[in-house]
$ cat my_file23.txt   # compact mmCIF, C-alpha atoms
# COMPACT_ATOMS: atom_id res chain seq x y z
CA MET A 1 0.00 0.00 0.00
CA SER A 2 1.03 3.61 -0.46
CA THR A 3 2.96 5.24 2.37
CA ASP A 4 1.59 8.69 1.57
CA SER A 5 -0.15 10.67 4.31
CA PRO A 6 -3.92 10.07 4.82
CA THR A 7 -4.70 13.20 2.81
CA GLN A 8 -2.49 12.01 -0.03
CA ARG A 9 -3.87 8.53 -0.57
CA LEU A 10 -3.32 7.07 -4.04
CA ILE A 11 -6.55 6.26 -5.86
CA VAL A 12 -6.25 4.27 -9.06
CA LEU A 13 -9.16 5.37 -11.23
CA GLY A 14 -10.12 2.82 -13.86
CA VAL A 15 -12.04 4.33 -16.78
CA SER A 16 -13.88 1.84 -18.97
CA GLY A 17 -15.59 2.36 -22.31
CA GLY A 18 -18.98 4.02 -21.94
CA ILE A 19 -20.42 7.37 -22.89
CA ALA A 20 -20.07 8.41 -19.24
CA ALA A 21 -16.26 8.21 -19.57
CA TYR A 22 -16.14 11.96 -20.09
CA LYS A 23 -17.51 12.44 -16.56
CA ALA A 24 -14.42 10.70 -15.16
CA ALA A 25 -12.40 13.85 -15.91
CA GLU A 26 -14.57 15.84 -13.51
CA LEU A 27 -14.30 13.00 -10.97
CA VAL A 28 -10.49 13.30 -11.15
CA ARG A 29 -10.75 17.00 -10.39
CA LEU A 30 -13.09 16.31 -7.47
CA LEU A 31 -10.80 13.68 -5.96
CA THR A 32 -7.68 15.83 -6.32
CA ASP A 33 -9.52 18.79 -4.78
CA ARG A 34 -10.20 16.53 -1.78
CA GLY A 35 -6.46 15.97 -1.42
CA HIS A 36 -5.98 12.58 -3.08
CA GLN A 37 -3.47 11.47 -5.70
CA VAL A 38 -5.08 9.90 -8.75
CA GLN A 39 -3.54 7.46 -11.20
CA VAL A 40 -5.77 6.89 -14.23
CA VAL A 41 -5.93 3.55 -16.04
CA MET A 42 -7.94 3.46 -19.28
CA THR A 43 -9.27 0.54 -21.25
CA ASP A 44 -8.99 0.53 -25.05
CA SER A 45 -12.70 1.25 -25.33
CA ALA A 46 -12.49 4.21 -22.94
CA GLN A 47 -9.94 5.87 -25.24
CA ARG A 48 -12.57 5.97 -27.97
CA PHE A 49 -14.59 8.39 -25.82
CA VAL A 50 -11.89 10.46 -24.05
CA GLY A 51 -8.21 10.93 -24.85
CA PRO A 52 -5.53 10.02 -22.28
CA LEU A 53 -4.03 13.51 -22.57
CA THR A 54 -7.05 14.95 -20.74
CA PHE A 55 -6.40 12.80 -17.68
CA ALA A 56 -2.63 13.30 -17.84
CA ALA A 57 -3.13 17.06 -17.70
CA LEU A 58 -5.50 16.77 -14.73
CA THR A 59 -3.43 14.33 -12.67
CA GLY A 60 0.12 15.25 -13.66
CA LYS A 61 0.77 11.54 -14.12
CA LYS A 62 1.21 9.27 -17.12
CA VAL A 63 -2.07 7.59 -18.01
CA ILE A 64 -1.74 3.82 -18.24
CA THR A 65 -3.41 2.49 -21.36
CA ASN A 66 -1.57 -0.74 -22.14
CA LEU A 67 -0.56 -3.93 -20.41
CA PHE A 68 2.58 -3.94 -22.51
CA GLY A 69 4.66 -0.98 -23.67
CA GLU A 70 4.15 0.33 -27.15
CA THR A 71 7.86 0.14 -27.91
CA ASP A 72 10.38 -2.62 -27.25
CA SER A 73 12.15 -0.50 -24.63
CA GLU A 74 8.95 -0.15 -22.61
CA VAL A 75 7.95 -3.81 -22.57
CA SER A 76 10.09 -4.94 -19.64
CA ASP A 77 8.83 -2.17 -17.37
CA SER A 78 5.20 -2.36 -18.47
CA SER A 79 4.97 -6.12 -18.12
CA ILE A 80 5.24 -5.85 -14.32
CA GLU A 81 3.73 -2.39 -13.92
CA HIS A 82 0.33 -3.81 -12.99
CA ILE A 83 1.97 -5.39 -9.94
CA ALA A 84 3.77 -2.19 -8.98
CA VAL A 85 0.63 -0.07 -9.31
CA ALA A 86 -1.37 -2.61 -7.31
CA GLN A 87 1.18 -2.44 -4.52
CA ARG A 88 1.17 1.37 -4.42
CA ALA A 89 -2.60 1.88 -4.59
CA ASP A 90 -4.75 2.61 -1.55
CA LEU A 91 -7.99 2.23 -3.51
CA LEU A 92 -9.16 0.92 -6.88
CA LEU A 93 -12.10 2.96 -8.16
CA VAL A 94 -13.72 2.16 -11.52
CA ALA A 95 -16.02 4.86 -12.94
CA PRO A 96 -17.73 4.32 -15.23
CA ALA A 97 -17.78 0.55 -14.84
CA THR A 98 -19.31 -1.14 -17.89
CA ALA A 99 -21.14 -4.46 -17.90
CA ASP A 100 -18.03 -5.95 -19.53
CA ILE A 101 -15.69 -4.81 -16.75
CA LEU A 102 -18.09 -6.01 -14.04
CA ALA A 103 -18.23 -9.44 -15.68
CA LYS A 104 -14.45 -9.63 -15.95
CA PHE A 105 -13.95 -8.59 -12.32
CA THR A 106 -16.49 -11.20 -11.22
CA HIS A 107 -14.98 -14.08 -13.18
CA GLY A 108 -11.30 -13.24 -12.80
CA ILE A 109 -10.61 -12.45 -16.44
CA ALA A 110 -7.36 -10.54 -16.91
CA ASP A 111 -6.89 -9.42 -20.50
CA ASP A 112 -5.78 -5.79 -20.13
CA PHE A 113 -4.03 -3.59 -17.59
CA LEU A 114 -7.11 -2.74 -15.52
CA THR A 115 -8.40 -6.31 -15.14
CA THR A 116 -4.91 -7.69 -14.53
CA MET A 117 -4.22 -5.08 -11.87
CA HIS A 118 -7.57 -5.92 -10.25
CA LEU A 119 -6.45 -9.52 -9.74
CA ALA A 120 -3.11 -8.40 -8.33
CA TYR A 121 -4.68 -5.90 -5.93
CA ASP A 122 -5.87 -6.82 -2.41
CA GLY A 123 -7.23 -3.50 -1.13
CA PRO A 124 -10.67 -1.86 -1.21
CA VAL A 125 -12.50 -1.70 -4.54
CA VAL A 126 -15.32 0.66 -5.53
CA VAL A 127 -17.22 0.40 -8.81
CA ALA A 128 -19.73 2.89 -10.23
CA PRO A 129 -21.65 1.15 -13.02
CA ALA A 130 -23.08 3.04 -16.00
CA MET A 131 -24.85 1.42 -18.94
CA ASN A 132 -28.09 0.98 -20.85
CA THR A 133 -31.12 0.26 -18.63
CA ASN A 134 -31.71 -3.20 -20.06
CA MET A 135 -28.05 -4.10 -19.66
CA TRP A 136 -28.17 -2.98 -16.01
CA LYS A 137 -31.34 -4.97 -15.33
CA HIS A 138 -30.14 -8.10 -17.15
CA PRO A 139 -29.87 -11.10 -14.79
CA ALA A 140 -26.22 -11.64 -15.76
CA THR A 141 -25.26 -8.10 -14.71
CA GLN A 142 -27.29 -8.28 -11.51
CA SER A 143 -25.72 -11.65 -10.66
CA ASN A 144 -22.25 -10.20 -11.19
CA ILE A 145 -23.05 -7.17 -9.05
CA ALA A 146 -24.41 -9.35 -6.25
CA GLU A 147 -21.30 -11.56 -6.32
CA LEU A 148 -18.93 -8.57 -6.22
CA ALA A 149 -20.87 -7.15 -3.26
CA THR A 150 -20.41 -10.40 -1.32
CA ARG A 151 -16.64 -10.05 -1.86
CA GLY A 152 -16.66 -6.63 -0.20
CA VAL A 153 -16.69 -4.51 -3.34
CA THR A 154 -18.55 -1.22 -2.84
CA ILE A 155 -21.19 -0.72 -5.52
CA VAL A 156 -22.26 2.87 -6.21
CA ASP A 157 -25.54 2.14 -7.91
CA PRO A 158 -26.43 4.14 -11.02
CA ASP A 159 -29.04 6.87 -10.98
CA SER A 160 -32.28 6.80 -12.94
CA GLY A 161 -33.05 9.27 -15.69
CA ASP A 162 -32.61 10.01 -19.38
CA LEU A 163 -29.84 7.93 -20.94
CA ALA A 164 -27.73 8.63 -24.02
CA CYS A 165 -29.42 5.71 -25.82
CA GLY A 166 -32.77 7.44 -25.51
CA MET A 167 -34.16 5.18 -22.80
CA VAL A 168 -35.32 6.37 -19.39
CA GLY A 169 -34.48 4.34 -16.29
CA PRO A 170 -31.58 3.20 -14.09
CA GLY A 171 -28.15 3.15 -15.70
CA ARG A 172 -26.86 6.72 -15.57
CA LEU A 173 -23.56 7.20 -13.73
CA ALA A 174 -24.19 8.16 -10.11
CA ASP A 175 -23.64 11.69 -8.87
CA LEU A 176 -19.89 12.37 -8.78
CA GLU A 177 -20.02 13.66 -5.20
CA GLN A 178 -21.65 10.38 -4.20
CA ILE A 179 -18.92 8.39 -5.95
CA ALA A 180 -16.19 10.46 -4.25
CA ASP A 181 -17.92 9.98 -0.89
CA ALA A 182 -18.01 6.21 -1.43
CA ALA A 183 -14.32 6.24 -2.33
CA GLU A 184 -13.45 8.06 0.87
CA ALA A 185 -15.61 5.73 2.93
CA ALA A 186 -13.75 2.78 1.39
CA LEU A 187 -10.42 4.44 2.19
CA ALA A 188 -11.60 4.59 5.79
CA GLY A 189 -11.51 0.78 5.75
CA ARG A 190 -15.23 0.05 6.04
CA THR A 191 -15.82 -2.29 3.10
CA ARG A 192 -13.92 -5.46 4.03
CA THR A 193 -16.12 -7.00 6.72
CA SER A 194 -18.82 -9.67 6.62
CA ASP A 195 -20.05 -9.22 10.19
CA LEU A 196 -23.72 -9.30 9.09
CA ALA A 197 -23.45 -12.44 6.95
CA SER A 198 -25.94 -14.37 9.10
CA GLU A 199 -28.47 -11.54 9.35
CA THR A 200 -31.58 -10.55 7.42
CA VAL A 201 -32.13 -6.79 7.49
CA LEU A 202 -35.56 -5.29 6.82
CA ILE A 203 -35.32 -1.57 6.01
CA THR A 204 -37.91 1.08 5.23
CA ALA A 205 -36.79 4.08 3.18
CA GLY A 206 -38.03 7.21 1.45
CA PRO A 207 -41.26 9.16 1.91
CA THR A 208 -44.85 8.01 1.71
CA GLN A 209 -47.54 9.72 -0.36
CA GLU A 210 -51.06 10.12 1.02
CA ALA A 211 -53.61 11.04 -1.65
CA ILE A 212 -55.72 14.20 -1.36
CA ASP A 213 -57.24 13.68 -4.81
CA PRO A 214 -56.08 11.88 -7.99
CA VAL A 215 -53.31 14.45 -8.64
CA ARG A 216 -52.28 15.77 -5.21
CA PHE A 217 -50.85 14.14 -2.13
CA ILE A 218 -49.28 14.81 1.27
CA ALA A 219 -45.59 13.88 1.44
CA ASN A 220 -42.24 15.17 2.74
CA ARG A 221 -38.75 15.99 1.50
CA SER A 222 -37.16 12.58 2.13
CA SER A 223 -34.97 11.44 -0.80
CA GLY A 224 -34.52 7.85 0.44
CA ARG A 225 -30.72 8.17 0.20
CA MET A 226 -30.05 7.33 3.86
CA GLY A 227 -32.17 4.19 3.78
CA TYR A 228 -30.64 3.14 0.47
CA ALA A 229 -27.13 3.74 1.84
CA LEU A 230 -27.96 1.55 4.84
CA ALA A 231 -29.24 -1.16 2.50
CA GLN A 232 -26.08 -0.99 0.36
CA GLU A 233 -23.81 -1.16 3.40
CA ALA A 234 -25.72 -4.06 4.97
CA ARG A 235 -25.59 -5.98 1.69
CA ALA A 236 -21.85 -5.32 1.35
CA ARG A 237 -21.37 -6.75 4.84
CA GLY A 238 -23.06 -9.99 3.85
CA ALA A 239 -26.64 -9.50 5.03
CA LYS A 240 -29.75 -10.44 3.14
CA VAL A 241 -31.57 -7.13 2.65
CA ILE A 242 -35.28 -6.51 2.15
CA LEU A 243 -35.93 -2.84 1.34
CA VAL A 244 -39.47 -1.45 1.57
CA SER A 245 -39.26 1.81 -0.33
CA GLY A 246 -41.58 4.73 -0.81
CA PRO A 247 -41.45 6.73 -4.07
CA VAL A 248 -37.89 7.90 -4.77
CA SER A 249 -35.90 9.00 -7.82
CA ILE A 250 -32.75 6.96 -7.14
CA ALA A 251 -31.87 3.56 -8.56
CA PRO A 252 -32.60 0.46 -6.45
CA PRO A 253 -29.51 -0.77 -4.55
CA SER A 254 -28.04 -3.85 -6.17
CA GLY A 255 -28.32 -7.22 -4.49
CA CYS A 256 -31.31 -6.16 -2.38
CA GLU A 257 -34.93 -7.21 -2.64
CA VAL A 258 -36.95 -4.03 -3.14
CA ILE A 259 -40.66 -3.75 -2.37
CA ALA A 260 -42.09 -0.53 -3.81
CA VAL A 261 -44.96 1.12 -1.93
CA GLU A 262 -46.64 4.53 -1.96
CA THR A 263 -48.72 4.97 1.17
CA ALA A 264 -48.06 4.53 4.88
CA GLU A 265 -50.62 1.72 5.00
CA GLN A 266 -48.90 -0.13 2.14
CA MET A 267 -45.56 0.23 3.94
CA HIS A 268 -47.15 -0.98 7.17
CA GLN A 269 -48.53 -4.09 5.49
CA ALA A 270 -45.27 -4.84 3.65
CA VAL A 271 -43.30 -4.64 6.91
CA LEU A 272 -45.68 -6.94 8.78
CA GLU A 273 -45.63 -9.46 5.92
CA ARG A 274 -41.81 -9.71 5.90
CA LEU A 275 -40.96 -9.02 9.55
CA SER A 276 -40.81 -12.71 10.48
CA GLU A 277 -37.83 -13.17 8.13
CA SER A 278 -35.77 -10.40 9.69
CA THR A 279 -33.27 -10.31 12.52
CA ILE A 280 -32.70 -6.55 12.19
CA PHE A 281 -35.31 -3.90 11.45
CA ALA A 282 -34.38 -0.32 10.52
CA ALA A 283 -37.19 2.23 10.22
CA VAL A 284 -35.46 4.85 8.08
CA ALA A 285 -38.50 5.93 6.04
CA ALA A 286 -40.11 9.29 6.72
CA VAL A 287 -43.62 7.91 7.04
CA ALA A 288 -46.51 10.38 6.98
CA ASP A 289 -48.00 10.75 10.46
CA TYR A 290 -51.38 11.74 9.03
CA ARG A 291 -53.40 11.11 5.88
CA PRO A 292 -56.64 12.58 4.52
CA ARG A 293 -59.60 10.72 6.02
CA SER A 294 -60.92 10.28 2.50
CA ALA A 295 -59.40 11.15 -0.88
CA ALA A 296 -61.55 13.10 -3.32
CA PRO A 297 -62.54 10.95 -6.33
CA ALA A 298 -61.90 13.84 -8.74
CA LYS A 299 -59.43 16.72 -8.79
CA LEU A 300 -60.38 19.42 -6.30
CA LYS A 301 -60.97 22.71 -8.10
CA LYS A 302 -59.64 25.98 -6.77
CA GLN A 303 -62.40 28.14 -5.34
CA ASP A 304 -62.85 31.25 -3.25
CA GLY A 305 -62.21 30.87 0.45
CA SER A 306 -60.22 28.31 2.39
CA LEU A 307 -60.12 24.53 2.02
CA THR A 308 -60.27 22.26 5.06
CA LEU A 309 -58.85 18.75 4.96
CA GLU A 310 -59.79 16.27 7.66
CA LEU A 311 -56.78 14.17 8.59
CA GLU A 312 -56.47 10.93 10.52
CA PRO A 313 -53.34 9.28 12.00
CA THR A 314 -51.50 6.55 10.12
CA ALA A 315 -50.25 3.32 11.68
CA ASP A 316 -47.09 3.70 13.79
CA ILE A 317 -44.91 1.07 12.13
CA LEU A 318 -41.92 1.45 14.45
CA GLN A 319 -43.99 1.27 17.61
CA GLU A 320 -45.75 -1.87 16.41
CA VAL A 321 -42.47 -3.58 15.52
CA GLY A 322 -41.00 -2.54 18.87
CA ARG A 323 -43.94 -4.10 20.67
CA ILE A 324 -43.42 -7.51 19.02
CA LYS A 325 -39.69 -7.36 18.34
CA GLY A 326 -38.56 -10.46 20.25
CA ALA A 327 -34.81 -11.04 19.70
CA ARG A 328 -34.79 -8.64 16.78
CA THR A 329 -32.57 -5.55 16.86
CA VAL A 330 -34.69 -2.48 16.11
CA ILE A 331 -33.31 0.84 14.86
CA GLY A 332 -35.41 3.96 14.58
CA PHE A 333 -34.68 7.35 13.06
CA ALA A 334 -35.71 10.71 14.50
CA ALA A 335 -35.54 13.82 12.32
CA GLU A 336 -36.01 16.84 14.60
CA THR A 337 -35.87 20.62 14.31
CA ASN A 338 -35.27 21.15 18.05
CA ASP A 339 -34.36 19.34 21.31
CA LEU A 340 -32.76 16.56 19.29
CA LEU A 341 -31.36 14.33 22.05
CA GLU A 342 -34.37 14.80 24.33
CA HIS A 343 -36.76 13.67 21.60
CA ALA A 344 -34.47 10.78 20.57
CA ARG A 345 -34.19 9.40 24.11
CA ALA A 346 -37.95 9.61 24.57
CA LYS A 347 -38.52 7.84 21.24
CA ALA A 348 -36.13 5.02 22.13
CA VAL A 349 -38.18 4.28 25.26
CA ALA A 350 -41.61 4.79 23.72
CA LYS A 351 -40.88 2.62 20.67
CA ASN A 352 -38.75 -0.03 22.43
CA CYS A 353 -35.77 0.60 20.13
CA ASP A 354 -32.23 -0.64 20.59
CA LEU A 355 -30.89 2.39 18.73
CA ILE A 356 -32.23 5.74 17.58
CA VAL A 357 -30.40 7.72 14.90
CA ALA A 358 -31.24 11.35 15.64
CA ASN A 359 -30.80 13.77 12.73
CA PRO A 360 -31.20 17.56 12.80
CA VAL A 361 -33.35 18.97 10.01
CA GLY A 362 -34.32 22.47 9.06
CA ALA A 363 -32.22 25.64 9.08
CA GLU A 364 -29.42 24.15 11.21
CA ALA A 365 -28.82 21.27 8.80
CA GLN A 366 -28.76 22.90 5.38
CA GLU A 367 -25.78 20.82 4.19
CA THR A 368 -26.95 17.52 5.68
CA GLY A 369 -30.74 17.61 5.51
CA PHE A 370 -33.23 15.87 3.23
CA GLY A 371 -31.80 15.31 -0.26
CA SER A 372 -28.19 15.90 0.76
CA SER A 373 -25.43 13.36 0.12
CA LYS A 374 -24.29 13.79 3.74
CA ASN A 375 -25.87 13.35 7.16
CA GLN A 376 -25.09 14.09 10.79
CA GLY A 377 -26.59 13.64 14.24
CA TRP A 378 -26.38 11.32 17.23
CA LEU A 379 -26.59 7.58 17.82
CA VAL A 380 -28.67 7.03 20.96
CA ASP A 381 -28.93 3.59 22.55
CA ALA A 382 -31.62 2.11 24.81
CA THR A 383 -29.86 3.42 27.95
CA GLY A 384 -29.88 6.98 26.63
CA GLU A 385 -26.14 7.06 25.94
CA ALA A 386 -25.44 9.23 22.90
CA THR A 387 -22.55 9.12 20.42
CA GLU A 388 -22.11 12.08 18.10
CA LEU A 389 -22.04 11.47 14.35
CA PRO A 390 -20.38 14.51 12.72
CA PRO A 391 -21.23 15.47 9.13
CA MET A 392 -20.18 12.61 6.82
CA PRO A 393 -21.30 10.85 3.62
CA LYS A 394 -24.48 8.87 4.14
CA ARG A 395 -22.71 5.62 3.19
CA GLU A 396 -20.13 6.32 5.91
CA MET A 397 -22.90 7.04 8.42
CA ALA A 398 -24.54 3.77 7.41
CA ALA A 399 -21.27 2.01 8.19
CA ARG A 400 -21.06 3.68 11.61
CA ILE A 401 -24.63 2.66 12.42
CA LEU A 402 -24.06 -0.94 11.34
CA ASP A 403 -20.81 -1.12 13.30
CA ARG A 404 -22.92 -0.56 16.41
CA VAL A 405 -25.65 -2.92 15.24
CA ALA A 406 -23.08 -5.67 14.70
CA GLN A 407 -21.91 -5.20 18.30
CA LEU A 408 -25.47 -5.48 19.55
CA ARG A 409 -26.08 -8.63 17.52
CA LYS A 410 -23.09 -10.34 19.13
CA ALA A 411 -24.79 -9.96 22.50
CA VAL A 412 -28.09 -11.47 21.35
CA GLU A 413 -28.79 -15.06 22.33
CA PRO A 414 -29.32 -17.24 19.23
CA THR A 415 -33.04 -17.67 19.92
CA PRO A 416 -35.49 -18.05 17.04
CA ILE A 417 -37.04 -14.88 15.60
CA ARG A 418 -40.83 -14.99 15.58
$ encode --input "my_file23.txt" --output "structure tokens"
Amino acid sequence: MSTDSPTQRLIVLGVSGGIAAYKAAELVRLLTDRGHQVQVVMTDSAQRFVGPLTFAALTGKKVITNLFGETDSEVSDSSIEHIAVAQRADLLLVAPATADILAKFTHGIADDFLTTMHLAYDGPVVVAPAMNTNMWKHPATQSNIAELATRGVTIVDPDSGDLACGMVGPGRLADLEQIADAAEAALAGRTRTSDLASETVLITAGPTQEAIDPVRFIANRSSGRMGYALAQEARARGAKVILVSGPVSIAPPSGCEVIAVETAEQMHQAVLERLSESTIFAAVAAVADYRPRSAAPAKLKKQDGSLTLELEPTADILQEVGRIKGARTVIGFAAETNDLLEHARAKAVAKNCDLIVANPVGAEAQETGFGSSKNQGWLVDATGEATELPPMPKREMAARILDRVAQLRKAVEPTPIR
């Protein structure tokens, strides 16, 4: 591994051949701005989209494009360079990662510099896939992704949206800040554990939508990113993950079973139906506390005067799970605008939780609130003891939460979950 200081870690950035290859140049700038050294390795296909000179100018380093030198004098050095680079690297990051590269990494194929270096490297690996929607959804790709995740590879799932091929759906390269955050989390050493391999984690994520009429609903600002980050981290640590998700605009995390719901009642039913399978339950979703007593059958027209909506409470999913939790470990989330720790401690008692993750929201959390790539707050246990979680990427916070959950699971007697 590199002996550089922690702020000068060496990241080997593998760029494979997809239209998103041009975004890798901006990723290099982002990583160097964060204080990291970057060594770029390009596949032959990647060079058809972006020239090596671009990356050389950004990194100040020679871009590696060949397993063997292009001249006789370079062959002897290049033939072992993949070993030397593997020994110096602190992290291997591939962005964009094509379906081809994912398949080669999964099956140990080594036919160019990047894939050969991957086999010679024993440190943390992060891949950010980008491809056509159908290619991403294909069972072969999903099988490869799931296998890489079980080996400790961090998968930064692609976003959904308009793709270069004209399709709309998952496959677009993830936000570059999110990829950089995942790289730094991996550098922190949190991707090489399988401490949840015997666990089944049931997670709720995102908002719920409660209909007012056929076109309007009551919801909140939750993006689902924290719940999805927790699902990704749990899967990377070996757990089986069942994710009950409200409506979000981010791609489903790979290797997880996703149950899509819209309303609080649908989420409530989905949790009760799958709870018996779980050993860990994490209520991350921002579930609506109230819903209209009855939704109008047709769109409500604007009229003079005020409009009154009669609301009724929704089911309290966390409280119900806490009441019947048995040997399960239960984690709740509390998003508060004031008296954060006081509310979190009260919620831990009222809902019979083992942990509460308390997050500030509102004016005091502009950089870490709903929709942000980062989060902050406190981890409060059943005794009321609180551990501060400073601002950090949501994937890193997920790792910190699951570190504590893994400790709690070790103390649980191996009694059957009912």
$ residues_around --input "my_file23.txt" --residues "Asp381 of chain A" --least-positions-apart "4" --cutoff "7 Å" --atoms "all atoms listed in the file" --output "PyMOL selection string"
chain A and resi 354-356+385-386
$ atom_distance --input "my_file23.txt" --atom1 "atom CA of Glu147 of chain A" --atom2 "atom CA of Ala270 of chain A"
26.8 Å
$ closest_residue --input "my_file23.txt" --among "A:Lys299, A:Arg216, A:Arg345, A:Lys351" --to "Arg323 of chain A" --atoms "all atoms listed in the file"
A:Lys351
$ atom_distance --input "my_file23.txt" --atom1 "atom CA of Asn144 of chain A" --atom2 "atom CA of Ala97 of chain A"
12.2 Å
$ atom_distance --input "my_file23.txt" --atom1 "atom CA of Pro292 of chain A" --atom2 "atom CA of Val321 of chain A"
24.1 Å
$ closest_residue --input "my_file23.txt" --among "A:Val15, A:Ile179, A:Ala283, A:Leu92" --to "Gly224 of chain A" --atoms "all atoms listed in the file"
A:Ala283
$ residues_around --input "my_file23.txt" --residues "segment 54-68 of chain A" --least-positions-apart "5" --cutoff "12 Å" --atoms "all atoms listed in the file" --output "ChimeraX atom specification"
/A:10-16,21-33,35-49,73-83,85,110-117
$ closest_residue --input "my_file23.txt" --among "A:Pro129, A:Pro214, A:Gly169, A:Pro393" --to "Ala296 of chain A" --atoms "all atoms listed in the file"
A:Pro214
$ residues_around --input "my_file23.txt" --residues "Val357 of chain A" --least-positions-apart "4" --cutoff "6 Å" --atoms "all atoms listed in the file" --output "PyMOL selection string"
chain A and resi 333+378-379
$ closest_atom_pairs --input "my_file23.txt" --of "segment 260-340 of chain A" --to "segment 232-240 of chain A" --cutoff "12 Å" --atoms "all atoms listed in the file" --output "CSV"
residue,atom,partner,partner_atom,distance
A:Glu277,CA,A:Lys240,CA,9.9
A:Ser278,CA,A:Lys240,CA,8.9
A:Thr279,CA,A:Lys240,CA,10.0
A:Ile280,CA,A:Ala239,CA,9.8
A:Phe281,CA,A:Ala234,CA,11.6
A:Ala282,CA,A:Ala234,CA,10.9
$ residues_around --input "my_file23.txt" --residues "Gln142 of chain A" --least-positions-apart "6" --cutoff "8 Å" --atoms "all atoms listed in the file" --output "ChimeraX atom specification"
/A:136,254-255
$ write_last_selection --input "my_file23.txt" --atoms "C-alpha atoms" --output "short mmCIF file (atom, residue, chain, number, x, y, z; two decimals), keeping the file's coordinate frame"
data_model
loop_
_atom_site.label_atom_id
_atom_site.label_comp_id
_atom_site.auth_asym_id
_atom_site.auth_seq_id
_atom_site.Cartn_x
_atom_site.Cartn_y
_atom_site.Cartn_z
CA TRP A 136 -28.17 -2.98 -16.01
CA SER A 254 -28.04 -3.85 -6.17
CA GLY A 255 -28.32 -7.22 -4.49
#
$ build_atoms --input "my_file23.txt" --residues "segment 170-182 of chain A" --atoms "N, CA and C atoms" --output "PDB file, in the coordinates of the input"
ATOM      1  N   PRO A 170     -32.869   3.307 -14.765  1.00  0.00           N
ATOM      2  CA  PRO A 170     -31.580   3.200 -14.090  1.00  0.00           C
ATOM      3  C   PRO A 170     -30.468   2.855 -15.063  1.00  0.00           C
ATOM      4  N   GLY A 171     -29.305   3.422 -14.852  1.00  0.00           N
ATOM      5  CA  GLY A 171     -28.150   3.150 -15.700  1.00  0.00           C
ATOM      6  C   GLY A 171     -27.223   4.332 -15.836  1.00  0.00           C
ATOM      7  N   ARG A 172     -27.684   5.515 -15.456  1.00  0.00           N
ATOM      8  CA  ARG A 172     -26.860   6.720 -15.570  1.00  0.00           C
ATOM      9  C   ARG A 172     -25.840   6.750 -14.432  1.00  0.00           C
ATOM     10  N   LEU A 173     -24.610   7.142 -14.738  1.00  0.00           N
ATOM     11  CA  LEU A 173     -23.560   7.200 -13.730  1.00  0.00           C
ATOM     12  C   LEU A 173     -24.023   8.001 -12.530  1.00  0.00           C
ATOM     13  N   ALA A 174     -23.770   7.492 -11.337  1.00  0.00           N
ATOM     14  CA  ALA A 174     -24.190   8.160 -10.110  1.00  0.00           C
ATOM     15  C   ALA A 174     -23.572   9.551  -9.994  1.00  0.00           C
ATOM     16  N   ASP A 175     -24.167  10.362  -9.145  1.00  0.00           N
ATOM     17  CA  ASP A 175     -23.640  11.690  -8.870  1.00  0.00           C
ATOM     18  C   ASP A 175     -22.172  11.589  -8.463  1.00  0.00           C
ATOM     19  N   LEU A 176     -21.334  12.463  -9.018  1.00  0.00           N
ATOM     20  CA  LEU A 176     -19.890  12.370  -8.780  1.00  0.00           C
ATOM     21  C   LEU A 176     -19.536  12.591  -7.320  1.00  0.00           C
ATOM     22  N   GLU A 177     -20.261  13.457  -6.633  1.00  0.00           N
ATOM     23  CA  GLU A 177     -20.020  13.660  -5.200  1.00  0.00           C
ATOM     24  C   GLU A 177     -20.287  12.361  -4.446  1.00  0.00           C
ATOM     25  N   GLN A 178     -21.325  11.650  -4.846  1.00  0.00           N
ATOM     26  CA  GLN A 178     -21.650  10.380  -4.200  1.00  0.00           C
ATOM     27  C   GLN A 178     -20.552   9.354  -4.442  1.00  0.00           C
ATOM     28  N   ILE A 179     -20.005   9.330  -5.653  1.00  0.00           N
ATOM     29  CA  ILE A 179     -18.920   8.390  -5.950  1.00  0.00           C
ATOM     30  C   ILE A 179     -17.677   8.743  -5.119  1.00  0.00           C
ATOM     31  N   ALA A 180     -17.348  10.033  -5.044  1.00  0.00           N
ATOM     32  CA  ALA A 180     -16.190  10.460  -4.250  1.00  0.00           C
ATOM     33  C   ALA A 180     -16.396  10.139  -2.774  1.00  0.00           C
ATOM     34  N   ASP A 181     -17.626  10.317  -2.282  1.00  0.00           N
ATOM     35  CA  ASP A 181     -17.920   9.980  -0.890  1.00  0.00           C
ATOM     36  C   ASP A 181     -17.723   8.487  -0.639  1.00  0.00           C
ATOM     37  N   ALA A 182     -18.178   7.661  -1.580  1.00  0.00           N
ATOM     38  CA  ALA A 182     -18.010   6.210  -1.430  1.00  0.00           C
ATOM     39  C   ALA A 182     -16.544   5.827  -1.449  1.00  0.00           C
TER      40      ALA A 182
END
